[in-house]
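**Q** This is target-v5.txt (compact mmCIF, C-alpha atoms and all ligand atoms).
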# COMPACT_ATOMS: atom_id res chain seq x y z
CA MET A 20 110.79 90.37 82.22
CA LEU A 21 107.29 89.50 83.32
CA THR A 22 105.22 89.99 80.18
CA ASP A 23 101.65 88.91 79.57
CA SER A 24 99.96 87.87 76.36
CA PHE A 25 98.61 91.42 75.82
CA GLY A 26 102.07 92.97 75.84
CA ARG A 27 101.90 94.45 79.33
CA ILE A 28 105.01 94.22 81.51
CA ALA A 29 104.72 93.77 85.28
CA THR A 30 107.26 95.89 87.15
CA ASP A 31 105.28 96.69 90.30
CA LEU A 32 105.01 93.99 92.97
CA ARG A 33 102.42 94.41 95.75
CA VAL A 34 103.35 92.32 98.75
CA SER A 35 100.78 91.59 101.44
CA VAL A 36 102.61 91.00 104.71
CA THR A 37 99.53 90.08 106.77
CA ASP A 38 95.79 89.62 106.29
CA ARG A 39 95.08 90.85 109.83
CA CYS A 40 93.74 94.28 110.57
CA ASN A 41 92.92 96.52 113.53
CA LEU A 42 90.08 98.28 111.68
CA ARG A 43 86.92 96.85 110.12
CA CYS A 44 86.22 99.25 107.24
CA ALA A 45 82.71 98.52 105.99
CA TYR A 46 83.82 98.36 102.32
CA CYS A 47 86.47 95.78 103.22
CA MET A 48 85.53 93.52 106.14
CA PRO A 49 82.52 92.43 108.16
CA ALA A 50 82.17 93.87 111.69
CA GLU A 51 83.22 90.56 113.27
CA GLY A 52 86.44 90.38 111.23
CA LEU A 53 87.57 87.32 109.32
CA ASP A 54 89.24 84.00 110.01
CA TRP A 55 92.88 85.04 109.78
CA LEU A 56 95.32 82.88 107.84
CA PRO A 57 96.95 80.26 110.09
CA LYS A 58 100.49 81.25 111.12
CA PRO A 59 102.25 78.22 109.56
CA GLU A 60 100.84 79.22 106.17
CA LEU A 61 102.32 82.71 106.34
CA LEU A 62 105.64 83.29 104.64
CA THR A 63 108.40 83.99 107.13
CA ASP A 64 110.37 87.23 106.84
CA ALA A 65 113.22 85.31 105.17
CA GLU A 66 110.86 83.63 102.69
CA LEU A 67 109.27 86.95 101.78
CA VAL A 68 112.64 88.57 101.19
CA ARG A 69 113.82 85.60 99.12
CA LEU A 70 110.81 85.91 96.77
CA ILE A 71 111.18 89.68 96.53
CA GLU A 72 114.88 89.27 95.75
CA LEU A 73 114.04 86.84 92.97
CA ALA A 74 111.50 89.28 91.53
CA VAL A 75 113.93 92.20 91.65
CA THR A 76 117.08 90.46 90.45
CA ARG A 77 115.61 88.08 87.85
CA LEU A 78 112.17 89.25 86.81
CA GLY A 79 112.42 92.98 86.24
CA ILE A 80 110.40 94.16 89.24
CA THR A 81 111.42 97.73 90.09
CA GLU A 82 108.85 98.74 92.69
CA ILE A 83 107.77 96.96 95.87
CA ARG A 84 104.68 98.10 97.74
CA PHE A 85 103.96 96.54 101.13
CA THR A 86 100.31 96.26 102.04
CA GLY A 87 97.82 93.96 103.76
CA GLY A 88 95.58 93.65 105.87
CA GLU A 89 97.33 96.22 107.98
CA PRO A 90 101.07 95.93 107.21
CA LEU A 91 102.16 97.78 110.37
CA LEU A 92 100.84 94.78 112.36
CA ARG A 93 103.63 92.63 110.91
CA ARG A 94 106.31 92.57 113.57
CA GLY A 95 109.23 92.13 111.17
CA LEU A 96 108.19 94.89 108.76
CA VAL A 97 111.09 97.27 109.47
CA GLY A 98 113.60 94.43 108.98
CA ILE A 99 111.91 93.32 105.76
CA VAL A 100 112.06 96.88 104.40
CA ARG A 101 115.73 97.11 105.37
CA ALA A 102 116.56 93.84 103.59
CA VAL A 103 114.68 94.90 100.45
CA ALA A 104 116.45 98.27 100.43
CA GLU A 105 119.77 96.39 100.30
CA LEU A 106 118.85 94.59 97.08
CA ARG A 107 120.56 95.59 93.86
CA PRO A 108 119.17 96.97 91.67
CA ARG A 109 117.47 98.74 94.55
CA PRO A 110 113.70 98.83 94.06
CA GLU A 111 111.47 101.75 95.03
CA ILE A 112 109.84 100.81 98.33
CA SER A 113 106.41 102.05 99.35
CA LEU A 114 103.74 101.17 101.90
CA THR A 115 99.95 101.38 102.06
CA THR A 116 98.68 101.61 105.63
CA ASN A 117 95.72 102.73 107.69
CA GLY A 118 98.20 104.82 109.69
CA ILE A 119 97.60 103.28 113.13
CA GLY A 120 101.00 102.91 114.78
CA LEU A 121 102.71 105.05 112.19
CA ASP A 122 103.47 107.73 114.77
CA ARG A 123 105.90 105.20 116.27
CA LEU A 124 107.02 103.46 113.06
CA ALA A 125 107.38 106.22 110.45
CA GLY A 126 110.91 107.13 111.58
CA PRO A 127 112.25 103.54 111.76
CA LEU A 128 110.64 102.67 108.42
CA ARG A 129 112.13 105.74 106.77
CA ALA A 130 115.54 104.91 108.24
CA ALA A 131 115.22 101.32 106.96
CA GLY A 132 114.71 102.60 103.40
CA LEU A 133 110.99 103.20 102.90
CA ASP A 134 110.64 105.76 100.08
CA ARG A 135 106.94 106.56 99.91
CA ILE A 136 103.72 106.05 101.81
CA ASN A 137 99.96 106.00 101.26
CA VAL A 138 97.75 106.44 104.29
CA SER A 139 94.04 105.67 104.10
CA LEU A 140 91.76 108.37 105.47
CA ASP A 141 88.08 108.36 104.57
CA THR A 142 86.68 110.93 106.99
CA LEU A 143 87.65 113.78 109.28
CA SER A 144 84.77 113.13 111.67
CA PRO A 145 85.49 110.87 114.68
CA ALA A 146 81.84 109.72 114.68
CA VAL A 147 81.85 108.84 110.97
CA PHE A 148 85.20 107.08 111.45
CA VAL A 149 83.61 104.85 114.10
CA GLN A 150 80.66 104.15 111.80
CA LEU A 151 82.87 103.36 108.80
CA ALA A 152 85.89 101.65 110.36
CA ARG A 153 84.05 100.38 113.46
CA ARG A 154 86.88 101.49 115.75
CA ASP A 155 87.49 104.85 117.47
CA ARG A 156 90.95 105.46 115.99
CA LEU A 157 90.79 108.67 113.90
CA ALA A 158 93.23 110.45 116.23
CA ASP A 159 95.79 107.65 115.72
CA VAL A 160 95.49 107.92 111.93
CA LEU A 161 95.97 111.70 112.02
CA ALA A 162 99.00 111.32 114.31
CA GLY A 163 100.39 108.72 111.91
CA LEU A 164 99.97 111.03 108.94
CA ALA A 165 101.77 113.86 110.72
CA ALA A 166 104.58 111.50 111.72
CA ALA A 167 105.00 110.28 108.14
CA ALA A 168 105.46 113.85 106.90
CA ALA A 169 107.81 114.67 109.78
CA ALA A 170 109.90 111.57 108.98
CA GLY A 171 110.48 112.89 105.46
CA LEU A 172 108.31 110.41 103.60
CA SER A 173 107.48 112.59 100.66
CA PRO A 174 104.99 112.99 99.18
CA VAL A 175 102.54 111.64 101.76
CA LYS A 176 99.63 110.30 99.75
CA VAL A 177 96.17 109.86 101.19
CA ASN A 178 93.66 107.27 99.89
CA ALA A 179 89.95 107.85 100.42
CA VAL A 180 86.98 105.62 99.60
CA LEU A 181 83.56 107.28 99.70
CA MET A 182 80.45 105.34 100.70
CA ARG A 183 77.00 106.66 99.93
CA GLY A 184 75.15 107.94 102.96
CA VAL A 185 78.23 107.53 105.16
CA ASN A 186 81.06 109.86 104.11
CA ASP A 187 80.04 110.94 100.60
CA GLN A 188 79.66 114.56 101.74
CA GLU A 189 83.33 114.76 102.67
CA ALA A 190 85.09 114.94 99.31
CA ALA A 191 85.77 118.68 99.42
CA GLY A 192 86.60 118.69 103.14
CA LEU A 193 89.13 115.89 102.72
CA LEU A 194 90.74 117.74 99.82
CA ARG A 195 90.99 120.97 101.79
CA PHE A 196 92.53 119.09 104.74
CA CYS A 197 95.15 117.48 102.48
CA LEU A 198 95.96 120.68 100.57
CA ASP A 199 96.52 122.52 103.87
CA ARG A 200 99.06 119.90 104.97
CA GLY A 201 100.78 119.15 101.67
CA TYR A 202 99.33 115.63 101.39
CA GLN A 203 98.33 114.30 97.95
CA LEU A 204 94.76 113.02 98.02
CA ARG A 205 93.39 110.28 95.76
CA PHE A 206 89.82 109.03 95.81
CA ILE A 207 89.28 105.34 95.00
CA GLU A 208 85.96 104.06 93.68
CA GLN A 209 84.60 101.31 95.88
CA MET A 210 85.23 97.91 94.29
CA PRO A 211 83.49 94.55 94.77
CA LEU A 212 86.21 93.09 96.97
CA ASP A 213 84.64 93.10 100.41
CA ALA A 214 84.53 89.80 102.25
CA GLN A 215 80.81 90.11 102.94
CA HIS A 216 79.89 90.74 99.26
CA GLY A 217 78.02 93.91 100.15
CA TRP A 218 79.11 95.99 97.12
CA ARG A 219 76.20 97.29 95.00
CA ARG A 220 76.86 99.12 91.77
CA ALA A 221 73.94 101.49 92.31
CA GLU A 222 75.28 102.48 95.72
CA MET A 223 78.83 103.09 94.60
CA VAL A 224 79.98 106.72 94.56
CA THR A 225 81.34 107.14 91.03
CA ALA A 226 84.35 109.09 89.77
CA ASP A 227 81.92 111.45 88.00
CA GLU A 228 80.12 112.17 91.26
CA ILE A 229 83.37 112.82 93.10
CA LEU A 230 84.48 115.20 90.35
CA ALA A 231 81.15 117.01 90.49
CA ALA A 232 81.39 117.39 94.28
CA LEU A 233 84.90 118.82 94.00
CA THR A 234 84.28 121.16 91.09
CA GLY A 235 81.62 122.91 93.15
CA GLN A 236 84.39 124.14 95.45
CA PHE A 237 87.64 123.95 93.51
CA GLU A 238 88.74 124.66 89.98
CA LEU A 239 90.00 121.35 88.58
CA THR A 240 91.91 121.04 85.32
CA PRO A 241 93.01 117.67 83.91
CA ASP A 242 96.71 117.14 84.38
CA ASP A 243 98.91 116.12 81.45
CA PRO A 244 97.61 112.60 80.60
CA ALA A 245 101.00 111.76 79.04
CA GLY A 246 102.48 111.90 82.52
CA ARG A 247 100.04 109.31 83.86
CA GLY A 248 101.89 106.24 82.57
CA SER A 249 100.55 103.16 84.32
CA ALA A 250 99.27 105.18 87.31
CA PRO A 251 95.64 104.27 88.01
CA ALA A 252 94.75 107.76 89.22
CA GLU A 253 93.49 110.40 86.83
CA SER A 254 95.19 113.52 88.07
CA PHE A 255 93.73 117.05 88.23
CA LEU A 256 95.44 120.33 89.04
CA VAL A 257 93.62 122.11 91.88
CA ASN A 258 93.02 125.86 91.43
CA GLY A 259 95.70 126.00 88.72
CA GLY A 260 98.21 123.81 90.61
CA PRO A 261 100.82 122.84 91.50
CA GLU A 262 98.67 120.86 93.98
CA ARG A 263 96.83 117.92 92.52
CA VAL A 264 94.03 115.53 93.35
CA GLY A 265 93.70 112.01 91.93
CA ILE A 266 90.62 109.97 91.16
CA ILE A 267 90.93 106.22 90.69
CA GLY A 268 87.86 105.13 88.75
CA SER A 269 88.59 101.44 89.07
CA VAL A 270 85.03 100.50 88.12
CA THR A 271 83.75 103.24 85.82
CA ARG A 272 87.09 104.19 84.25
CA PRO A 273 89.14 100.99 84.25
CA PHE A 274 92.85 101.23 83.52
CA CYS A 275 93.62 97.53 83.03
CA GLY A 276 95.22 98.15 79.62
CA ALA A 277 98.11 99.93 81.34
CA CYS A 278 98.39 97.61 84.35
CA ASP A 279 101.96 96.86 85.46
CA ARG A 280 101.14 95.00 88.70
CA VAL A 281 101.50 91.56 90.17
CA ARG A 282 100.64 90.53 93.71
CA LEU A 283 102.09 88.22 96.34
CA THR A 284 99.81 87.26 99.25
CA ALA A 285 101.01 86.80 102.82
CA ASP A 286 100.62 83.02 102.40
CA GLY A 287 102.81 82.91 99.32
CA GLN A 288 100.27 82.88 96.49
CA LEU A 289 100.96 84.82 93.34
CA ARG A 290 98.07 86.72 91.70
CA ASN A 291 98.18 88.50 88.35
CA CYS A 292 95.21 90.76 89.21
CA LEU A 293 93.22 91.94 92.24
CA PHE A 294 90.24 90.24 90.60
CA ALA A 295 92.01 87.04 89.51
CA ARG A 296 90.09 83.86 90.28
CA ALA A 297 93.23 81.72 90.12
CA GLU A 298 96.48 81.85 92.06
CA ASN A 299 99.89 80.29 91.58
CA ASP A 300 101.32 78.69 94.69
CA LEU A 301 104.90 79.74 95.41
CA ARG A 302 104.99 78.69 99.06
CA THR A 303 104.86 74.92 98.50
CA PRO A 304 107.72 74.75 95.98
CA LEU A 305 109.68 77.33 97.98
CA ARG A 306 109.44 75.16 101.11
CA ALA A 307 110.22 72.04 99.08
CA GLY A 308 113.55 73.57 98.12
CA ALA A 309 112.82 74.88 94.61
CA GLY A 310 115.61 76.87 93.00
CA ASP A 311 115.29 80.36 91.56
CA ALA A 312 114.79 79.11 87.99
CA GLU A 313 111.82 76.93 88.98
CA LEU A 314 110.21 79.72 91.01
CA ALA A 315 110.81 82.25 88.22
CA GLU A 316 109.06 79.92 85.78
CA ILE A 317 105.95 79.79 88.01
CA TRP A 318 106.02 83.58 88.11
CA ARG A 319 106.19 83.81 84.31
CA ARG A 320 103.35 81.31 83.86
CA CYS A 321 101.18 83.34 86.24
CA LEU A 322 101.68 86.52 84.22
CA GLN A 323 101.08 84.76 80.91
CA ALA A 324 97.59 83.84 82.13
CA LYS A 325 96.66 87.46 82.98
CA LEU A 326 93.31 88.49 81.48
CA PRO A 327 92.90 91.78 79.58
CA GLY A 328 90.68 93.31 82.26
CA HIS A 329 89.00 92.86 85.63
CA GLY A 330 85.58 92.14 84.14
CA ILE A 331 83.61 93.99 86.85
CA ASN A 332 81.40 95.45 84.14
CA ASP A 333 80.75 92.09 82.42
CA PRO A 334 77.38 90.43 83.05
CA GLY A 335 79.03 87.21 84.27
CA PHE A 336 81.43 88.92 86.71
CA LEU A 337 82.26 86.86 89.77
CA GLN A 338 84.01 88.36 92.76
CA PRO A 339 87.27 86.59 93.70
CA ALA A 340 87.07 84.19 96.64
CA ARG A 341 89.78 86.06 98.52
CA PRO A 342 88.72 89.41 100.00
CA MET A 343 90.81 92.55 99.47
CA SER A 344 92.30 92.32 102.97
CA ALA A 345 93.81 88.90 102.22
CA ILE A 346 94.99 89.83 98.71
CA GLY A 347 96.67 93.11 99.51
CA GLY A 348 95.11 96.30 98.16
N1 LIG B 1 95.08 98.40 105.74
C1 LIG B 1 95.76 99.22 104.81
C2 LIG B 1 94.93 100.42 104.41
O1 LIG B 1 93.74 100.42 104.69
O2 LIG B 1 95.49 101.32 103.80
C3 LIG B 1 96.25 98.50 103.57
C4 LIG B 1 95.33 97.50 102.96
S1 LIG B 1 93.83 98.18 102.27
C5 LIG B 1 93.06 96.74 101.63
C6 LIG B 1 94.48 99.08 100.86
C7 LIG B 1 93.56 100.11 100.27
O3 LIG B 1 92.45 99.47 99.71
C8 LIG B 1 93.03 101.14 101.26
O4 LIG B 1 93.27 102.44 100.77
C9 LIG B 1 91.56 100.86 101.30
O5 LIG B 1 90.79 102.02 101.50
C10 LIG B 1 91.32 100.25 99.95
N2 LIG B 1 90.15 99.39 99.87
C11 LIG B 1 89.79 98.39 100.70
N3 LIG B 1 88.65 97.82 100.28
C12 LIG B 1 88.28 98.47 99.16
C13 LIG B 1 87.19 98.34 98.25
N4 LIG B 1 86.23 97.43 98.42
N5 LIG B 1 87.15 99.18 97.21
C14 LIG B 1 88.11 100.13 97.01
N6 LIG B 1 89.16 100.28 97.82
C15 LIG B 1 89.24 99.47 98.90
FE1 LIG B 2 91.86 97.12 107.43
FE2 LIG B 2 92.72 98.47 105.29
FE3 LIG B 2 90.63 96.74 105.12
FE4 LIG B 2 90.31 99.01 106.45
S1 LIG B 2 90.78 98.81 104.25
S2 LIG B 2 89.68 96.96 107.17
S3 LIG B 2 92.30 99.34 107.34
S4 LIG B 2 92.71 96.22 105.52
Once more with this new file: its structure as structure tokens, please.
**A**
Amino acid sequence: MLTDSFGRIATDLRVSVTDRCNLRCAYCMPAEGLDWLPKPELLTDAELVRLIELAVTRLGITEIRFTGGEPLLRRGLVGIVRAVAELRPRPEISLTTNGIGLDRLAGPLRAAGLDRINVSLDTLSPAVFVQLARRDRLADVLAGLAAAAAAGLSPVKVNAVLMRGVNDQEAAGLLRFCLDRGYQLRFIEQMPLDAQHGWRRAEMVTADEILAALTGQFELTPDDPAGRGSAPAESFLVNGGPERVGIIGSVTRPFCGACDRVRLTADGQLRNCLFARAENDLRTPLRAGAGDAELAEIWRRCLQAKLPGHGINDPGFLQPARPMSAIGG
């Protein structure tokens, strides 16, 4: 098992399959985009599957979430999902996506073995979408969401990040939209992970503010906290339930004590936290012919070095060098 020195056990592996993206969300990337990772540095499909197999068969990983960048831009994604679904013990397989292209890919991904999906949707206004994501693609995202539900990916979860002065008036509208369609909405507090280092604590829309905006229009009651486990979202029943809304207070209500995650970047670096300032290189030994035992040992060492928390609220906090899009959110 992948244990750390604070007794936490990592069972959830987040795999970034690309750092590229077709949107430029203001809380994530600068308008001009980023220098993408050079192709030779990216793990091949076979290398990715080999590392995931090692994690599942030798290290106690039970859940694989594919992310990015935008994971649907990875050409081999359906094949990777299919190969991971054939592993035994079979892990739970999920995907976080901006939804563009999902109208075409939801069916094939489902057929390949994808179990669950999270689609990011921050606004219902085409004009605000252009302002926030700097591309006119809201219609594609909405089509992707509908296709995910139609393909039987259940429940469809929706992730929303609110930015002050941009889409912070949309909390209730987004919830109503999701309730009407049977999607499960979760708001995520904006974190200091953008490539351009534009995050400002004072500008961040807090979990408390989101709750206040929602309680004006809905009756929210805290869901059973015992059922939360390691889930980062605090869950609330809406108007008595059974529908729920989640709020992920990454900054103001950190949940690091219950963290069960570890991350693999598209270029084969292992990270024990989104905010880690160190990485363990798996690609070099993998390409040099390392066996499973040697790779597993690197994995264990990485987890042993995991800090108790992300430190965002510490005076000396330093943002990691890698932006969210290259780590895998
Ligand atoms: N491109 C895909 C997407 O947008 O869903 C997957 C990668 S994205 C980095 C994963 C999630 O991280 C998205 O829900 C996105 O809204 C969220 N995210 C990105 N930057 C963030 C930030 N600075 N703070 C909080 N969440 C962020
Ligand atoms: Fe792309 Fe996702 Fe980042 Fe938006 S949040 S720019 S969709 S990686």
**Q** Could you work out how far atom CA of Asn186 of chain A lies from atom C4 of ligand LIG 1 (chain B), giving the answer in Å with one decimal?
**A**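 Calculated distance between atom C4 of ligand LIG 1 (chain B) and atom CA of Asn186 of chain A is 18.9 Å.
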**Q** Give me the residues near Gly95 of chain A as a list in words, where near means some atom within 12 Å (using all atoms listed in the file) and where sequence neighbours in that chain fewer than 2 positions away do not count.
**A**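 The contact residues come out as Val36, Thr37, Leu62, Thr63, Asp64, Ala65, Leu67, Val68, Pro90, Leu91, Leu92, Arg93, Val97, Gly98, Ile99, Val100, Arg101, Ala102, Leu124, Pro127, Leu128 and Ala131 of chain A.
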**Q** Report, in Å to a single decimal, how far apart atom CA of Ile346 of chain A and atom CA of Leu289 of chain A are.
**A** 9.5 Å
**Q** Nearest residue to ligand LIG 2 (chain B) out of A:Leu78, A:Val149, A:Ala190, A:Val185, using only C-alpha atoms and all ligand atoms?
**A**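 Among the listed residues, A:Val149 lies closest to ligand LIG 2 (chain B).
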**Q** Let me make sure I understand: among A:Leu143, A:Ala232, A:Ile83, A:Ala162, which one has the smallest atom-to-atom distance to Thr115 of chain A if we use only C-alpha atoms?
**A**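 Looking at the shortest contact to Thr115 of chain A, the residue is A:Ile83.
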**Q** Go ahead and fit an axis-aligned box to every listed atom of ligand LIG 2 (chain B) plus 3 Å each side, and pass me the centre and edge lengths in Å, one decimal, as AutoDock Vina command-line options.
**A**
--center_x 91.2 --center_y 97.8 --center_z 105.8 --size_x 9.0 --size_y 9.1 --size_z 9.2
**Q** Counting all atoms listed in the file, which protein, DNA or RNA residues come within 8 Å of ligand LIG 1 (chain B), given as a CSV table (one decimal) with C-alpha atoms, in the coordinates of the input?
**A**
chain,number,residue,atom,x,y,z
A,40,CYS,CA,93.7,94.3,110.6
A,42,LEU,CA,90.1,98.3,111.7
A,44,CYS,CA,86.2,99.2,107.2
A,46,TYR,CA,83.8,98.4,102.3
A,47,CYS,CA,86.5,95.8,103.2
A,48,MET,CA,85.5,93.5,106.1
A,86,THR,CA,100.3,96.3,102.0
A,87,GLY,CA,97.8,94.0,103.8
A,88,GLY,CA,95.6,93.6,105.9
A,89,GLU,CA,97.3,96.2,108.0
A,90,PRO,CA,101.1,95.9,107.2
A,115,THR,CA,100.0,101.4,102.1
A,116,THR,CA,98.7,101.6,105.6
A,117,ASN,CA,95.7,102.7,107.7
A,118,GLY,CA,98.2,104.8,109.7
A,137,ASN,CA,100.0,106.0,101.3
A,138,VAL,CA,97.8,106.4,104.3
A,139,SER,CA,94.0,105.7,104.1
A,140,LEU,CA,91.8,108.4,105.5
A,141,ASP,CA,88.1,108.4,104.6
A,177,VAL,CA,96.2,109.9,101.2
A,178,ASN,CA,93.7,107.3,99.9
A,179,ALA,CA,90.0,107.8,100.4
A,180,VAL,CA,87.0,105.6,99.6
A,207,ILE,CA,89.3,105.3,95.0
A,208,GLU,CA,86.0,104.1,93.7
A,209,GLN,CA,84.6,101.3,95.9
A,210,MET,CA,85.2,97.9,94.3
A,211,PRO,CA,83.5,94.6,94.8
A,212,LEU,CA,86.2,93.1,97.0
A,213,ASP,CA,84.6,93.1,100.4
A,218,TRP,CA,79.1,96.0,97.1
A,343,MET,CA,90.8,92.6,99.5
A,344,SER,CA,92.3,92.3,103.0
A,345,ALA,CA,93.8,88.9,102.2
A,346,ILE,CA,95.0,89.8,98.7
A,347,GLY,CA,96.7,93.1,99.5
A,348,GLY,CA,95.1,96.3,98.2
**Q** To one decimal place, how far is atom CA of Leu283 of chain A from atom CA of Pro342 of chain A in Å?
**A** 13.9 Å
**Q** Restricting the calculation to only C-alpha atoms: of A:Glu298, A:Asp311, A:Glu189, A:Asp286, which residue gets closest to Ser35 of chain A?
**A**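 Among the listed residues, the smallest separation from Ser35 of chain A belongs to A:Asp286.
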**Q** For Ala221 of chain A, which residue out of A:Arg302, A:Arg27, A:Arg183, A:Arg272 is the nearest one, using all atoms listed in the file?
**A** A:Arg183
**Q** Would you mind completing segment 208-226 of chain A so that it carries N, CA, C and O atoms, and writing it out as an mmCIF file, keeping the file's coordinate frame?
**A**
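In the end it all went to out25.cif:
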data_model
loop_
_atom_site.group_PDB
_atom_site.id
_atom_site.type_symbol
_atom_site.label_atom_id
_atom_site.label_comp_id
_atom_site.auth_asym_id
_atom_site.auth_seq_id
_atom_site.Cartn_x
_atom_site.Cartn_y
_atom_site.Cartn_z
ATOM 1 N N GLU A 208 87.325 104.605 93.758
ATOM 2 C CA GLU A 208 85.960 104.060 93.680
ATOM 3 C C GLU A 208 85.891 102.741 94.426
ATOM 4 O O GLU A 208 86.815 101.914 94.334
ATOM 5 N N GLN A 209 84.775 102.555 95.112
ATOM 6 C CA GLN A 209 84.600 101.310 95.880
ATOM 7 C C GLN A 209 84.460 100.127 94.921
ATOM 8 O O GLN A 209 83.663 100.165 93.982
ATOM 9 N N MET A 210 85.230 99.086 95.179
ATOM 10 C CA MET A 210 85.230 97.910 94.290
ATOM 11 C C MET A 210 84.584 96.713 94.983
ATOM 12 O O MET A 210 84.558 96.634 96.210
ATOM 13 N N PRO A 211 84.101 95.756 94.185
ATOM 14 C CA PRO A 211 83.490 94.550 94.770
ATOM 15 C C PRO A 211 84.552 93.582 95.269
ATOM 16 O O PRO A 211 84.846 92.575 94.634
ATOM 17 N N LEU A 212 85.138 93.915 96.414
ATOM 18 C CA LEU A 212 86.210 93.090 96.970
ATOM 19 C C LEU A 212 86.019 92.854 98.456
ATOM 20 O O LEU A 212 86.904 92.330 99.127
ATOM 21 N N ASP A 213 84.872 93.269 98.978
ATOM 22 C CA ASP A 213 84.640 93.100 100.410
ATOM 23 C C ASP A 213 84.281 91.651 100.716
ATOM 24 O O ASP A 213 83.615 90.980 99.921
ATOM 25 N N ALA A 214 84.725 91.207 101.880
ATOM 26 C CA ALA A 214 84.530 89.800 102.250
ATOM 27 C C ALA A 214 83.052 89.438 102.334
ATOM 28 O O ALA A 214 82.665 88.305 102.095
ATOM 29 N N GLN A 215 82.220 90.420 102.703
ATOM 30 C CA GLN A 215 80.810 90.110 102.940
ATOM 31 C C GLN A 215 79.946 90.283 101.696
ATOM 32 O O GLN A 215 78.733 90.173 101.751
ATOM 33 N N HIS A 216 80.580 90.586 100.546
ATOM 34 C CA HIS A 216 79.890 90.740 99.260
ATOM 35 C C HIS A 216 78.753 91.766 99.350
ATOM 36 O O HIS A 216 77.649 91.534 98.876
ATOM 37 N N GLY A 217 79.052 92.901 99.963
ATOM 38 C CA GLY A 217 78.020 93.910 100.150
ATOM 39 C C GLY A 217 78.032 94.999 99.067
ATOM 40 O O GLY A 217 77.173 95.877 99.072
ATOM 41 N N TRP A 218 78.993 94.943 98.149
ATOM 42 C CA TRP A 218 79.110 95.990 97.120
ATOM 43 C C TRP A 218 77.889 95.980 96.209
ATOM 44 O O TRP A 218 77.448 94.916 95.760
ATOM 45 N N ARG A 219 77.314 97.167 95.954
ATOM 46 C CA ARG A 219 76.200 97.290 95.000
ATOM 47 C C ARG A 219 76.542 98.418 94.044
ATOM 48 O O ARG A 219 76.821 99.537 94.475
ATOM 49 N N ARG A 220 76.494 98.113 92.754
ATOM 50 C CA ARG A 220 76.860 99.120 91.770
ATOM 51 C C ARG A 220 76.080 100.419 91.972
ATOM 52 O O ARG A 220 76.648 101.506 91.939
ATOM 53 N N ALA A 221 74.779 100.302 92.207
ATOM 54 C CA ALA A 221 73.940 101.490 92.310
ATOM 55 C C ALA A 221 74.311 102.348 93.520
ATOM 56 O O ALA A 221 74.048 103.549 93.545
ATOM 57 N N GLU A 222 74.924 101.736 94.509
ATOM 58 C CA GLU A 222 75.280 102.480 95.720
ATOM 59 C C GLU A 222 76.670 103.080 95.664
ATOM 60 O O GLU A 222 77.046 103.902 96.496
ATOM 61 N N MET A 223 77.440 102.640 94.670
ATOM 62 C CA MET A 223 78.830 103.090 94.600
ATOM 63 C C MET A 223 78.902 104.577 94.242
ATOM 64 O O MET A 223 78.172 105.040 93.371
ATOM 65 N N VAL A 224 79.762 105.314 94.914
ATOM 66 C CA VAL A 224 79.980 106.720 94.560
ATOM 67 C C VAL A 224 80.967 106.732 93.389
ATOM 68 O O VAL A 224 82.092 106.239 93.504
ATOM 69 N N THR A 225 80.532 107.258 92.249
ATOM 70 C CA THR A 225 81.340 107.140 91.030
ATOM 71 C C THR A 225 82.366 108.276 90.914
ATOM 72 O O THR A 225 82.226 109.335 91.548
ATOM 73 N N ALA A 226 83.346 108.055 90.044
ATOM 74 C CA ALA A 226 84.350 109.090 89.770
ATOM 75 C C ALA A 226 83.675 110.371 89.305
ATOM 76 O O ALA A 226 84.077 111.473 89.709
#
